[in-house]
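Shown next, in structure tokens, is the structure this report addresses.
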Amino acid sequence: MTQVFSRRLGVNVDHVATLRQARQARYPDPLAAALIAERAGAAQITVHIRGDRRHIQEHDITRMAASVQTLLNVEAAATDEMEAILLRTRPHRVTLVAERAGEVTTEGGLNVSSQRDGIAAFCARLHAAGIRTSLFIDPDIEQVHASAMPGVDMVELNTARWAEHGGHELHRLARATTLARELGLAVAAGHGLNLQNLRPLVLGAPDIEEYNIGHALIGDAVFLGLEASVRRYLELLA
């Protein structure tokens, strides 16, 4: 398949908010981090608002929606509470994710095939409000097929197993990417990506067009500085 896009880096700034919430302070400000990331070349800012509000708060999304100059992508569970927040704050894109109380981080992709009607209705309501929708799924053929529904224009493939085990998982990601594009869906990837495993994924599944990276990038920024960290990851997408 011929590549007709420039790969995009989405910088997830959740863990800037994690540091702020550890002290219940007003700083460090995830919006400030978002603006620095944009200045360094990020094409998207990603945040995840969780039910337990462990990092990102609704007021963060409101401020980012008014200030981010690229795209604001908000990850959220498909709940009534989150729907109300998303319709109030109007980000550019919403990525629906599976969420379990008490999990340290997202543990797996959304099971779209078993919840298709409910997810489709949720996405239709967001679409009617002018919000683009993506689904965070495992790179399984069944889930890719189920994700091809009105109101959904993208899937984000869960790269956790690639990050943890490598090997055959690259084939699964490449196959899921090809199928998604055949079904008319754009393809993003995220979870566990870092300076070591990103480039092999780019080379092995070249039709992935967007990469959302947070924990490793913010961790690297502690030592490199945020602008330098963003630029290091952008180099690996070229």
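For the structure tokens, the naming scheme is as follows: chains receive sequential letters (A, B, ...) according to their order of presentation, residues are indexed from 1 within each chain, and ligands are indexed from 1 in presentation order.
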Those in region 105-159 of chain A with strand (DSSP E) from DSSP, as a list in words:
Arg132, Thr133, Ser134, Leu135, Phe136, Ile137, Val152, Asp153, Met154, Val155, Glu156, Leu157 and Asn158 of chain A
Once DSSP has gone over the backbone, tell me which residues of region 4-154 of chain A are in alpha helix (DSSP H), as a short mmCIF file (atom, residue, chain, number, x, y, z; two decimals) with C-alpha atoms, in the first residue's frame.
```
data_model
loop_
_atom_site.label_atom_id
_atom_site.label_comp_id
_atom_site.auth_asym_id
_atom_site.auth_seq_id
_atom_site.Cartn_x
_atom_site.Cartn_y
_atom_site.Cartn_z
CA ASP A 14 -1.24 12.93 31.45
CA HIS A 15 1.82 12.38 33.61
CA VAL A 16 2.52 16.08 33.91
CA ALA A 17 -0.91 16.21 35.56
CA THR A 18 0.00 13.12 37.63
CA LEU A 19 2.89 15.06 39.14
CA ARG A 20 0.63 18.03 39.83
CA GLN A 21 -2.05 15.90 41.47
CA ALA A 22 0.52 14.20 43.72
CA ARG A 23 0.71 17.47 45.66
CA PRO A 30 -0.29 20.04 31.55
CA LEU A 31 -1.43 22.87 29.28
CA ALA A 32 2.04 24.44 29.48
CA ALA A 33 3.50 21.04 28.56
CA ALA A 34 1.09 20.75 25.64
CA LEU A 35 2.13 24.12 24.23
CA ILE A 36 5.83 23.23 24.54
CA ALA A 37 5.19 19.90 22.78
CA GLU A 38 3.40 21.69 19.94
CA ARG A 39 6.26 24.14 19.59
CA ALA A 40 8.66 21.20 19.31
CA GLU A 58 -12.26 18.55 33.20
CA HIS A 59 -10.85 22.06 33.56
CA ASP A 60 -7.65 20.87 31.86
CA ILE A 61 -9.64 19.80 28.80
CA THR A 62 -11.59 23.06 28.74
CA ARG A 63 -8.37 25.09 28.76
CA MET A 64 -6.66 22.87 26.21
CA ALA A 65 -9.63 22.96 23.83
CA ALA A 66 -9.32 26.76 23.84
CA SER A 67 -5.51 26.88 23.54
CA ASP A 80 -22.78 8.81 30.65
CA GLU A 81 -20.46 10.88 32.85
CA MET A 82 -17.78 11.07 30.18
CA GLU A 83 -20.26 11.80 27.42
CA ALA A 84 -21.49 14.85 29.32
CA ILE A 85 -17.91 16.09 29.82
CA LEU A 86 -17.00 15.53 26.17
CA LEU A 87 -20.07 17.37 24.92
CA ARG A 88 -19.29 20.28 27.24
CA THR A 89 -15.61 20.57 26.33
CA ARG A 116 -21.11 -2.71 19.13
CA ASP A 117 -24.63 -1.29 19.40
CA GLY A 118 -23.85 0.75 22.52
CA ILE A 119 -20.56 2.04 21.15
CA ALA A 120 -22.17 2.90 17.81
CA ALA A 121 -24.88 4.94 19.55
CA PHE A 122 -22.27 6.73 21.69
CA CYS A 123 -20.15 7.56 18.62
CA ALA A 124 -23.20 8.75 16.71
CA ARG A 125 -23.97 11.28 19.44
CA LEU A 126 -20.40 12.57 19.41
CA HIS A 127 -20.45 12.73 15.61
CA ALA A 128 -23.66 14.77 15.71
CA ILE A 141 -9.18 -8.85 12.99
CA GLU A 142 -12.57 -9.25 14.71
CA GLN A 143 -12.18 -5.94 16.55
CA VAL A 144 -11.06 -4.10 13.41
CA HIS A 145 -14.11 -5.33 11.48
CA ALA A 146 -16.42 -4.38 14.35
CA SER A 147 -14.93 -0.88 14.50
#
```
Got a sec: who's within 9 Å of Ser229 (chain A), counting only C-alpha atoms, leaving out chain neighbours fewer than 2 positions off, as a list in words?
Ala37, Ala40, Leu217, Ile218, Gly219, Asp220, Ala221, Val222, Phe223, Leu224, Gly225, Leu226, Glu227, Arg231, Arg232, Tyr233 and Leu234 of chain A
For Gln196 (chain A), the closest of A:Ala42, A:Leu236, A:Leu173, A:Leu179 counting only C-alpha atoms is A:Leu236
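Straight-line separation from CA of Gly190 (chain A) to CA of Ala25 (chain A): 28.8 Å.
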If you count only C-alpha atoms, the residue of A:Leu201, A:Leu157, A:Val47, A:Ile56 closest to Asn73 (chain A) turns out to be A:Val47
**Request:** Give me the residues within 10 Å of Thr106 (chain A) as JSON, numbers by chain, counting only C-alpha atoms and dropping any in the same chain fewer than 2 places off.
**Result:** {"A": [97, 98, 99, 100, 103, 104, 108, 109, 110, 158, 160, 191]}
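In this structure, CA of Asp52 (chain A) sits 7.8 Å away from CA of Ala101 (chain A).
As for CA of Leu203 (chain A) and CA of Leu170 (chain A), they are spaced 9.9 Å apart.
With only C-alpha atoms as the basis for measurement, A:Glu75 is the residue among A:Glu75, A:Glu209, A:Glu235, A:Glu164 that approaches Thr46 (chain A) most closely.
When only C-alpha atoms are used to compute distances to Ala148 (chain A), the closest of the residues A:Ala163, A:Ser113, A:Tyr27, A:His171 turns out to be A:Ser113.
Using only C-alpha atoms for every distance, the candidate list A:Val112, A:Ala78, A:Ile137, A:Val68 yields A:Val68 as the residue closest to His92 (chain A).
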